[in-house]
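Structure data follow from run.cif (mmCIF, C-alpha atoms):
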```cif
data_target
#
loop_
_atom_site.group_PDB
_atom_site.id
_atom_site.type_symbol
_atom_site.label_atom_id
_atom_site.label_comp_id
_atom_site.auth_asym_id
_atom_site.auth_seq_id
_atom_site.Cartn_x
_atom_site.Cartn_y
_atom_site.Cartn_z
ATOM 1 C CA MET A 1 -6.996 -75.001 -63.070
ATOM 2 C CA ASN A 2 -10.058 -77.236 -62.914
ATOM 3 C CA SER A 3 -11.584 -78.433 -66.170
ATOM 4 C CA ARG A 4 -15.154 -79.336 -67.081
ATOM 5 C CA MET A 5 -17.609 -79.491 -69.957
ATOM 6 C CA ILE A 6 -20.930 -77.660 -70.049
ATOM 7 C CA GLU A 7 -23.671 -77.643 -72.676
ATOM 8 C CA THR A 8 -25.554 -74.499 -73.644
ATOM 9 C CA GLY A 9 -29.229 -74.299 -74.535
ATOM 10 C CA ARG A 10 -28.200 -73.865 -78.175
ATOM 11 C CA GLY A 11 -26.392 -77.192 -78.044
ATOM 12 C CA THR A 12 -22.735 -76.162 -78.035
ATOM 13 C CA LYS A 13 -20.480 -78.207 -75.766
ATOM 14 C CA VAL A 14 -17.999 -75.924 -74.067
ATOM 15 C CA HIS A 15 -14.765 -76.776 -72.302
ATOM 16 C CA VAL A 16 -14.280 -74.447 -69.326
ATOM 17 C CA LEU A 17 -11.240 -73.900 -67.124
ATOM 18 C CA ASP A 18 -11.949 -72.453 -63.698
ATOM 19 C CA ALA A 19 -10.113 -71.757 -60.484
ATOM 20 C CA GLY A 20 -10.152 -69.467 -57.487
ATOM 21 C CA SER A 21 -12.920 -67.980 -55.386
ATOM 22 C CA GLY A 22 -14.663 -64.671 -54.888
ATOM 23 C CA GLU A 23 -16.201 -62.398 -57.495
ATOM 24 C CA PRO A 24 -16.719 -64.130 -60.859
ATOM 25 C CA LEU A 25 -14.445 -63.166 -63.747
ATOM 26 C CA VAL A 26 -15.014 -64.581 -67.233
ATOM 27 C CA PHE A 27 -12.057 -64.546 -69.638
ATOM 28 C CA MET A 28 -12.790 -64.599 -73.366
ATOM 29 C CA HIS A 29 -9.770 -65.766 -75.380
ATOM 30 C CA GLY A 30 -8.555 -64.533 -78.746
ATOM 31 C CA ALA A 31 -8.365 -66.159 -82.173
ATOM 32 C CA GLY A 32 -5.374 -68.259 -81.108
ATOM 33 C CA GLY A 33 -7.299 -69.879 -78.263
ATOM 34 C CA LEU A 34 -5.874 -70.716 -74.878
ATOM 35 C CA PHE A 35 -2.310 -72.013 -74.550
ATOM 36 C CA PRO A 36 -1.415 -75.195 -72.644
ATOM 37 C CA GLU A 37 -0.131 -72.891 -69.891
ATOM 38 C CA ASN A 38 -1.920 -69.625 -69.058
ATOM 39 C CA PRO A 39 -0.073 -68.167 -66.059
ATOM 40 C CA PHE A 40 -2.075 -64.935 -66.017
ATOM 41 C CA LEU A 41 -5.266 -66.939 -65.416
ATOM 42 C CA ASP A 42 -3.641 -68.703 -62.471
ATOM 43 C CA GLN A 43 -2.585 -65.336 -61.065
ATOM 44 C CA LEU A 44 -6.043 -63.814 -61.557
ATOM 45 C CA ALA A 45 -7.495 -66.823 -59.727
ATOM 46 C CA GLN A 46 -5.632 -65.692 -56.621
ATOM 47 C CA HIS A 47 -8.069 -62.768 -56.480
ATOM 48 C CA TYR A 48 -11.242 -63.905 -58.292
ATOM 49 C CA HIS A 49 -13.180 -66.982 -59.325
ATOM 50 C CA VAL A 50 -11.923 -67.199 -62.881
ATOM 51 C CA PHE A 51 -13.794 -68.957 -65.690
ATOM 52 C CA ALA A 52 -12.109 -69.399 -69.074
ATOM 53 C CA PRO A 53 -14.434 -71.029 -71.627
ATOM 54 C CA GLU A 54 -13.099 -72.122 -75.003
ATOM 55 C CA PHE A 55 -15.248 -71.144 -77.962
ATOM 56 C CA PRO A 56 -16.536 -73.938 -80.222
ATOM 57 C CA GLY A 57 -13.787 -74.832 -82.658
ATOM 58 C CA PHE A 58 -11.117 -74.325 -79.997
ATOM 59 C CA GLY A 59 -9.626 -76.981 -77.756
ATOM 60 C CA GLU A 60 -12.228 -79.548 -76.706
ATOM 61 C CA SER A 61 -15.270 -77.332 -77.369
ATOM 62 C CA THR A 62 -17.630 -78.333 -80.171
ATOM 63 C CA GLY A 63 -20.629 -76.937 -82.015
ATOM 64 C CA GLU A 64 -18.896 -74.757 -84.592
ATOM 65 C CA ALA A 65 -21.764 -75.037 -87.067
ATOM 66 C CA LEU A 66 -24.186 -73.543 -84.531
ATOM 67 C CA LEU A 67 -22.409 -70.166 -84.480
ATOM 68 C CA GLU A 68 -22.577 -68.304 -87.784
ATOM 69 C CA ASP A 69 -22.366 -64.569 -87.124
ATOM 70 C CA MET A 70 -21.555 -61.909 -84.541
ATOM 71 C CA LEU A 71 -24.935 -62.137 -82.822
ATOM 72 C CA ASP A 72 -24.496 -65.907 -82.446
ATOM 73 C CA PHE A 73 -21.095 -65.427 -80.797
ATOM 74 C CA THR A 74 -22.497 -62.739 -78.498
ATOM 75 C CA LEU A 75 -25.486 -64.796 -77.400
ATOM 76 C CA HIS A 76 -23.205 -67.805 -76.983
ATOM 77 C CA GLY A 77 -21.148 -65.790 -74.499
ATOM 78 C CA TRP A 78 -24.246 -65.061 -72.433
ATOM 79 C CA ASP A 79 -25.407 -68.671 -72.767
ATOM 80 C CA VAL A 80 -22.122 -69.770 -71.196
ATOM 81 C CA VAL A 81 -22.490 -67.237 -68.372
ATOM 82 C CA HIS A 82 -26.025 -68.544 -67.758
ATOM 83 C CA GLU A 83 -24.954 -72.204 -67.701
ATOM 84 C CA LEU A 84 -22.197 -71.343 -65.231
ATOM 85 C CA GLY A 85 -24.809 -69.734 -62.977
ATOM 86 C CA LEU A 86 -23.056 -66.365 -62.819
ATOM 87 C CA THR A 87 -24.622 -63.014 -62.009
ATOM 88 C CA ARG A 88 -23.037 -59.756 -63.201
ATOM 89 C CA PRO A 89 -19.508 -61.118 -63.700
ATOM 90 C CA HIS A 90 -16.478 -59.104 -64.618
ATOM 91 C CA ILE A 91 -15.723 -59.858 -68.263
ATOM 92 C CA VAL A 92 -12.180 -59.742 -69.648
ATOM 93 C CA GLY A 93 -11.761 -60.229 -73.384
ATOM 94 C CA HIS A 94 -8.546 -60.477 -75.379
ATOM 95 C CA SER A 95 -8.402 -59.586 -79.096
ATOM 96 C CA MET A 96 -11.291 -61.487 -80.750
ATOM 97 C CA GLY A 97 -12.563 -62.216 -77.238
ATOM 98 C CA GLY A 98 -12.505 -58.486 -76.520
ATOM 99 C CA MET A 99 -14.725 -57.855 -79.510
ATOM 100 C CA ILE A 100 -17.194 -60.481 -78.269
ATOM 101 C CA ALA A 101 -17.014 -59.154 -74.698
ATOM 102 C CA ALA A 102 -17.785 -55.623 -75.912
ATOM 103 C CA GLU A 103 -20.763 -56.921 -77.904
ATOM 104 C CA MET A 104 -21.987 -58.797 -74.817
ATOM 105 C CA ALA A 105 -21.751 -55.610 -72.748
ATOM 106 C CA ALA A 106 -23.594 -53.634 -75.435
ATOM 107 C CA LEU A 107 -26.366 -56.214 -75.664
ATOM 108 C CA ALA A 108 -26.864 -56.533 -71.896
ATOM 109 C CA PRO A 109 -25.225 -53.461 -70.307
ATOM 110 C CA ASN A 110 -26.710 -54.046 -66.851
ATOM 111 C CA ASP A 111 -25.418 -57.622 -66.639
ATOM 112 C CA VAL A 112 -21.692 -56.775 -66.626
ATOM 113 C CA SER A 113 -19.970 -55.632 -63.450
ATOM 114 C CA LYS A 114 -16.774 -54.314 -65.065
ATOM 115 C CA LEU A 115 -15.347 -54.796 -68.535
ATOM 116 C CA VAL A 116 -11.705 -55.199 -69.566
ATOM 117 C CA LEU A 117 -10.834 -55.099 -73.259
ATOM 118 C CA VAL A 118 -7.322 -56.329 -73.994
ATOM 119 C CA ALA A 119 -5.897 -55.389 -77.411
ATOM 120 C CA SER A 120 -9.462 -55.760 -78.611
ATOM 121 C CA ALA A 121 -10.581 -56.309 -82.169
ATOM 122 C CA GLY A 122 -13.860 -54.852 -83.376
ATOM 123 C CA LEU A 123 -13.013 -51.451 -84.820
ATOM 124 C CA TRP A 124 -11.460 -50.486 -88.141
ATOM 125 C CA LEU A 125 -9.355 -47.434 -88.943
ATOM 126 C CA PRO A 126 -8.575 -47.194 -92.684
ATOM 127 C CA GLU A 127 -5.421 -45.211 -91.926
ATOM 128 C CA HIS A 128 -4.256 -48.003 -89.571
ATOM 129 C CA PRO A 129 -5.390 -51.241 -91.257
ATOM 130 C CA ILE A 130 -5.087 -54.412 -89.212
ATOM 131 C CA PRO A 131 -2.899 -57.061 -90.920
ATOM 132 C CA ASP A 132 -4.714 -60.081 -92.336
ATOM 133 C CA ILE A 133 -3.891 -62.924 -89.943
ATOM 134 C CA PHE A 134 -5.578 -65.391 -92.290
ATOM 135 C CA SER A 135 -2.826 -64.873 -94.863
ATOM 136 C CA PHE A 136 0.073 -65.288 -92.419
ATOM 137 C CA LEU A 137 2.660 -68.001 -92.937
ATOM 138 C CA PRO A 138 3.624 -69.860 -89.725
ATOM 139 C CA HIS A 139 6.815 -67.861 -89.250
ATOM 140 C CA GLU A 140 4.963 -64.540 -89.522
ATOM 141 C CA PHE A 141 2.648 -64.893 -86.523
ATOM 142 C CA ALA A 142 5.294 -64.181 -83.880
ATOM 143 C CA GLN A 143 6.520 -60.943 -85.473
ATOM 144 C CA TYR A 144 3.024 -59.440 -85.383
ATOM 145 C CA LEU A 145 1.845 -60.896 -82.076
ATOM 146 C CA PHE A 146 4.827 -60.555 -79.742
ATOM 147 C CA HIS A 147 7.272 -57.892 -78.610
ATOM 148 C CA ASP A 148 9.900 -60.633 -78.229
ATOM 149 C CA ARG A 149 9.699 -62.664 -81.425
ATOM 150 C CA SER A 150 11.823 -65.581 -80.201
ATOM 151 C CA GLN A 151 9.738 -65.949 -77.058
ATOM 152 C CA GLY A 152 6.619 -65.761 -79.190
ATOM 153 C CA GLU A 153 7.741 -68.488 -81.567
ATOM 154 C CA ALA A 154 8.355 -70.820 -78.639
ATOM 155 C CA MET A 155 4.909 -70.105 -77.150
ATOM 156 C CA LEU A 156 3.016 -70.429 -80.430
ATOM 157 C CA THR A 157 4.600 -73.715 -81.464
ATOM 158 C CA GLY A 158 4.831 -75.353 -78.053
ATOM 159 C CA GLY A 159 8.449 -76.106 -78.854
ATOM 160 C CA LEU A 160 7.666 -77.663 -82.271
ATOM 161 C CA ASP A 161 10.369 -77.331 -84.923
ATOM 162 C CA LEU A 162 8.464 -75.861 -87.872
ATOM 163 C CA LYS A 163 11.298 -76.908 -90.162
ATOM 164 C CA ASN A 164 10.141 -80.475 -89.534
ATOM 165 C CA PRO A 165 7.400 -81.360 -92.081
ATOM 166 C CA GLU A 166 5.363 -83.362 -89.547
ATOM 167 C CA ALA A 167 5.560 -80.585 -86.959
ATOM 168 C CA LEU A 168 4.538 -78.047 -89.607
ATOM 169 C CA LYS A 169 1.573 -80.254 -90.570
ATOM 170 C CA GLU A 170 0.492 -80.481 -86.914
ATOM 171 C CA PHE A 171 0.695 -76.691 -86.568
ATOM 172 C CA TYR A 172 -1.351 -76.117 -89.732
ATOM 173 C CA ILE A 173 -4.096 -78.549 -88.702
ATOM 174 C CA GLY A 174 -4.548 -77.019 -85.242
ATOM 175 C CA ASN A 175 -4.337 -73.481 -86.518
ATOM 176 C CA SER A 176 -6.741 -73.994 -89.414
ATOM 177 C CA ARG A 177 -9.525 -75.222 -87.106
ATOM 178 C CA ARG A 178 -9.161 -72.194 -84.846
ATOM 179 C CA LEU A 179 -8.884 -69.653 -87.640
ATOM 180 C CA SER A 180 -11.777 -71.100 -89.615
ATOM 181 C CA MET A 181 -13.995 -70.418 -86.603
ATOM 182 C CA ALA A 182 -12.499 -66.973 -85.937
ATOM 183 C CA GLY A 183 -12.903 -66.108 -89.600
ATOM 184 C CA LYS A 184 -16.678 -66.041 -89.198
ATOM 185 C CA ILE A 185 -16.378 -62.702 -87.395
ATOM 186 C CA LEU A 186 -12.869 -61.463 -88.233
ATOM 187 C CA PHE A 187 -12.591 -62.058 -91.993
ATOM 188 C CA PRO A 188 -12.008 -60.132 -94.202
ATOM 189 C CA VAL A 189 -11.818 -57.277 -91.667
ATOM 190 C CA PRO A 190 -12.962 -57.278 -88.019
ATOM 191 C CA ASN A 191 -15.664 -54.675 -88.575
ATOM 192 C CA ARG A 192 -19.139 -55.859 -87.609
ATOM 193 C CA ARG A 193 -20.483 -52.383 -86.772
ATOM 194 C CA LEU A 194 -19.467 -52.626 -83.102
ATOM 195 C CA SER A 195 -18.801 -48.876 -83.183
ATOM 196 C CA LYS A 196 -22.543 -48.288 -83.613
ATOM 197 C CA ARG A 197 -23.271 -50.093 -80.345
ATOM 198 C CA LEU A 198 -20.483 -48.979 -78.011
ATOM 199 C CA TYR A 199 -22.652 -46.103 -76.770
ATOM 200 C CA ARG A 200 -24.715 -48.712 -74.922
ATOM 201 C CA LEU A 201 -21.843 -49.725 -72.638
ATOM 202 C CA SER A 202 -22.459 -48.630 -69.058
ATOM 203 C CA ALA A 203 -19.947 -50.822 -67.197
ATOM 204 C CA PRO A 204 -16.677 -49.170 -66.158
ATOM 205 C CA THR A 205 -14.224 -50.238 -68.844
ATOM 206 C CA LEU A 206 -10.454 -50.711 -68.882
ATOM 207 C CA LEU A 207 -8.568 -50.799 -72.176
ATOM 208 C CA ILE A 208 -5.215 -52.579 -71.891
ATOM 209 C CA TRP A 209 -2.754 -52.481 -74.782
ATOM 210 C CA GLY A 210 0.825 -53.537 -75.349
ATOM 211 C CA LYS A 211 2.908 -50.595 -76.509
ATOM 212 C CA SER A 212 4.542 -52.811 -79.155
ATOM 213 C CA ASP A 213 1.307 -54.248 -80.558
ATOM 214 C CA ALA A 214 1.955 -54.622 -84.295
ATOM 215 C CA LEU A 215 -1.365 -56.329 -85.037
ATOM 216 C CA ILE A 216 -3.894 -53.948 -83.467
ATOM 217 C CA PRO A 217 -1.787 -50.885 -82.574
ATOM 218 C CA PRO A 218 -2.451 -48.720 -79.487
ATOM 219 C CA VAL A 219 -4.204 -46.077 -81.614
ATOM 220 C CA TYR A 220 -7.193 -48.428 -81.462
ATOM 221 C CA ALA A 221 -7.282 -48.046 -77.681
ATOM 222 C CA GLU A 222 -7.783 -44.321 -78.181
ATOM 223 C CA GLN A 223 -10.581 -45.018 -80.644
ATOM 224 C CA PHE A 224 -12.345 -47.315 -78.181
ATOM 225 C CA LYS A 225 -11.958 -44.726 -75.422
ATOM 226 C CA ALA A 226 -13.487 -42.028 -77.617
ATOM 227 C CA GLN A 227 -16.598 -44.164 -78.045
ATOM 228 C CA ILE A 228 -17.042 -45.585 -74.535
ATOM 229 C CA ALA A 229 -18.341 -43.149 -71.922
ATOM 230 C CA ASN A 230 -16.576 -44.612 -68.889
ATOM 231 C CA ALA A 231 -13.230 -45.959 -70.095
ATOM 232 C CA GLU A 232 -9.576 -45.639 -69.210
ATOM 233 C CA ILE A 233 -6.392 -46.855 -70.907
ATOM 234 C CA VAL A 234 -3.339 -48.690 -69.589
ATOM 235 C CA GLU A 235 -0.398 -49.367 -71.903
ATOM 236 C CA ILE A 236 2.171 -51.998 -70.970
ATOM 237 C CA GLU A 237 5.846 -51.757 -71.892
ATOM 238 C CA LYS A 238 7.695 -54.559 -73.706
ATOM 239 C CA ALA A 239 4.450 -56.189 -74.743
ATOM 240 C CA GLY A 240 2.834 -56.816 -78.091
ATOM 241 C CA HIS A 241 -0.578 -58.161 -78.986
ATOM 242 C CA MET A 242 -0.166 -61.196 -76.722
ATOM 243 C CA LEU A 243 0.526 -59.048 -73.679
ATOM 244 C CA PRO A 244 -1.225 -61.338 -71.129
ATOM 245 C CA TYR A 245 1.384 -63.976 -71.981
ATOM 246 C CA GLU A 246 4.377 -61.669 -72.405
ATOM 247 C CA GLN A 247 3.841 -59.578 -69.273
ATOM 248 C CA PRO A 248 1.481 -61.630 -67.056
ATOM 249 C CA GLU A 249 2.423 -59.936 -63.780
ATOM 250 C CA GLU A 250 1.917 -56.415 -65.112
ATOM 251 C CA PHE A 251 -1.251 -57.495 -66.891
ATOM 252 C CA VAL A 252 -2.737 -59.017 -63.730
ATOM 253 C CA ARG A 253 -1.683 -55.994 -61.677
ATOM 254 C CA SER A 254 -3.483 -53.680 -64.080
ATOM 255 C CA VAL A 255 -6.649 -55.797 -64.105
ATOM 256 C CA THR A 256 -6.867 -56.301 -60.352
ATOM 257 C CA THR A 257 -6.180 -52.631 -59.623
ATOM 258 C CA PHE A 258 -9.026 -51.663 -61.936
ATOM 259 C CA LEU A 259 -11.484 -54.269 -60.672
ATOM 260 C CA GLN A 260 -10.861 -53.439 -57.018
#
```
When written as structure tokens, how does the structure in this file appear?
Amino acid sequence: MNSRMIETGRGTKVHVLDAGSGEPLVFMHGAGGLFPENPFLDQLAQHYHVFAPEFPGFGESTGEALLEDMLDFTLHGWDVVHELGLTRPHIVGHSMGGMIAAEMAALAPNDVSKLVLVASAGLWLPEHPIPDIFSFLPHEFAQYLFHDRSQGEAMLTGGLDLKNPEALKEFYIGNSRRLSMAGKILFPVPNRRLSKRLYRLSAPTLLIWGKSDALIPPVYAEQFKAQIANAEIVEIEKAGHMLPYEQPEEFVRSVTTFLQ
């Protein structure tokens, strides 16, 4: 994918990946950021002009101190869309990015063509509490995020041997920067009263969940659907929370079928 930096009116400097042509699609990543390889984005770019901005605190993007709360993150999303010169894009948000995408669609319901929420954060069910990712040890991430734990460990570490002290240090440093930014809206629980605003969504909405999601289980998809007037659910087999990476072909098929 192509890579470039843009600067928003607020002053954040944002690294953006983009590729493809056609209708604009903006992908909002989760608390783990983008991986070095994101095959589902490449596949989506065969159908749409895909833009994947990294939030400040992730990758090469900067300006973490300028975003303090949920409204800041939401307005930042629209600032990025504005700087990219997009009109009524499709917005796809994964996990934390789904929460931000839903807030964007609630704030400006007429400016979203279609909305896809992928294993989205943003709601809280006391009977199904979401595990605290900020307390996880390195070896615990894969068991909560992936259907296939061994595959997940390889993706999360980029092949690093976490038994090696230097590799473990490198993992902690990268992860702490990302999670410190995500913590502004996800800690201690990802409940920023999104449920009070979901009634404002008017864009057709697809909720995609991995059937094996151990972090935000599929019951949350049902809760989102109950609160969004025009929503449908797709569940993907052999996929956990990181379903775009575990099942990229099925994920892209579900998204493109919905958007078309």
- Apply the PyMOL selection byres ((chain A and resi 6) around 8) to the displayed file and report the matching residues as a ChimeraX atom specification. /A:4-5,7-8,13-16,83
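Using only C-alpha atoms, the nearest neighbour of Met181 (chain A) within the list A:Glu222, A:Glu60, A:Asp213, A:Glu68 is A:Glu68.
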- Item | Exercise: Ala231 (chain A) partners within 7 Å, only C-alpha atoms, chain neighbours under 5 positions left out, as a PyMOL selection string | chain A and resi 204-206+225
- Query: Leaving out Val255 (chain A) and any residue of its chain fewer than 4 positions from it, which residues lie within 12 Å of it when counting all atoms listed in the file, given as a VMD selection string?
  - Reply: chain A and resid 25 27 40 to 41 43 to 45 47 to 48 90 to 93 114 to 118 205 to 209 232 to 236 244 248 to 251 259 to 260
Mind dumping the selected residues with C-alpha atoms as an mmCIF file, in the coordinates of the input?
```
data_model
loop_
_atom_site.group_PDB
_atom_site.id
_atom_site.type_symbol
_atom_site.label_atom_id
_atom_site.label_comp_id
_atom_site.auth_asym_id
_atom_site.auth_seq_id
_atom_site.Cartn_x
_atom_site.Cartn_y
_atom_site.Cartn_z
ATOM 1 C CA LEU A 25 -14.445 -63.166 -63.747
ATOM 2 C CA PHE A 27 -12.057 -64.546 -69.638
ATOM 3 C CA PHE A 40 -2.075 -64.935 -66.017
ATOM 4 C CA LEU A 41 -5.266 -66.939 -65.416
ATOM 5 C CA GLN A 43 -2.585 -65.336 -61.065
ATOM 6 C CA LEU A 44 -6.043 -63.814 -61.557
ATOM 7 C CA ALA A 45 -7.495 -66.823 -59.727
ATOM 8 C CA HIS A 47 -8.069 -62.768 -56.480
ATOM 9 C CA TYR A 48 -11.242 -63.905 -58.292
ATOM 10 C CA HIS A 90 -16.478 -59.104 -64.618
ATOM 11 C CA ILE A 91 -15.723 -59.858 -68.263
ATOM 12 C CA VAL A 92 -12.180 -59.742 -69.648
ATOM 13 C CA GLY A 93 -11.761 -60.229 -73.384
ATOM 14 C CA LYS A 114 -16.774 -54.314 -65.065
ATOM 15 C CA LEU A 115 -15.347 -54.796 -68.535
ATOM 16 C CA VAL A 116 -11.705 -55.199 -69.566
ATOM 17 C CA LEU A 117 -10.834 -55.099 -73.259
ATOM 18 C CA VAL A 118 -7.322 -56.329 -73.994
ATOM 19 C CA THR A 205 -14.224 -50.238 -68.844
ATOM 20 C CA LEU A 206 -10.454 -50.711 -68.882
ATOM 21 C CA LEU A 207 -8.568 -50.799 -72.176
ATOM 22 C CA ILE A 208 -5.215 -52.579 -71.891
ATOM 23 C CA TRP A 209 -2.754 -52.481 -74.782
ATOM 24 C CA GLU A 232 -9.576 -45.639 -69.210
ATOM 25 C CA ILE A 233 -6.392 -46.855 -70.907
ATOM 26 C CA VAL A 234 -3.339 -48.690 -69.589
ATOM 27 C CA GLU A 235 -0.398 -49.367 -71.903
ATOM 28 C CA ILE A 236 2.171 -51.998 -70.970
ATOM 29 C CA PRO A 244 -1.225 -61.338 -71.129
ATOM 30 C CA PRO A 248 1.481 -61.630 -67.056
ATOM 31 C CA GLU A 249 2.423 -59.936 -63.780
ATOM 32 C CA GLU A 250 1.917 -56.415 -65.112
ATOM 33 C CA PHE A 251 -1.251 -57.495 -66.891
ATOM 34 C CA LEU A 259 -11.484 -54.269 -60.672
ATOM 35 C CA GLN A 260 -10.861 -53.439 -57.018
#
```
- Item | Pick from A:Leu125, A:Ala119, A:Met155, A:Leu179, whichever lies nearest to Pro218 (chain A) using only C-alpha atoms | A:Ala119
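The interatomic distance for the pair CA of Ser135 (chain A) and CA of Ile216 (chain A) works out to 15.8 Å.
You will find CA of Pro217 (chain A) at 17.8 Å from CA of Leu194 (chain A).
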- For the file shown, what are the residues hit by the PyMOL selection byres ((chain A and resi 143) around 12), laid out as a PyMOL selection string? chain A and resi 131+133+136-142+144-153+156+212-215+239-242
- Let me know the residues the PyMOL selection byres ((chain A and resi 49) around 6) catches in the file above, as a PyMOL selection string. chain A and resi 19-25+45+48+50
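Rounded to one decimal, CA of Gly59 (chain A) and CA of Pro36 (chain A) lie 9.8 Å from each other.
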- Find the spatial neighbours of Thr74 (chain A), counting only C-alpha atoms, within a cut-off of 12 Å - ignore same-chain residues fewer than 2 positions away - and output them as a PyMOL selection string. chain A and resi 28+55+67-72+76-81+96-108+185+192+194
- Task: Choose the residue, out of A:Gly174, A:Pro165, A:Pro109, A:Pro126, that has the smallest atom-to-atom separation from Leu198 (chain A); count all atoms listed in the file.
- Result: A:Pro109
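When only C-alpha atoms are used to measure the gap to Pro39 (chain A), the shortest distance among A:His128, A:Met1, A:Ala182, A:Leu86 belongs to A:Met1.
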- Query: What lies within 8 Å of Gly33 (chain A) using only C-alpha atoms, ignoring chain neighbours under 4 positions off, as a list of chain:residue names?
  - Reply: A:His29, A:Glu54, A:Phe58, A:Gly59, A:Arg178
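Using all atoms listed in the file, the smallest distance between any of A:Gly183, A:Pro190, A:Gly63, A:Pro89 and Trp124 (chain A) comes from A:Pro190.
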- Note on the structure: In terms of all atoms listed in the file, the residue from A:Asp18, A:Gln46, A:Gly85, A:Asp111 at minimal distance from Thr256 (chain A) is A:Gln46
Give the centre and edge lengths of an axis-aligned box, in Å to one decimal, that holds all listed atoms of region 6-23 of chain A with 5 Å on each side, as lines of an AutoDock Vina configuration file.
```
center_x = -19.7
center_y = -70.3
center_z = -66.5
size_x = 29.1
size_y = 25.8
size_z = 33.3
```
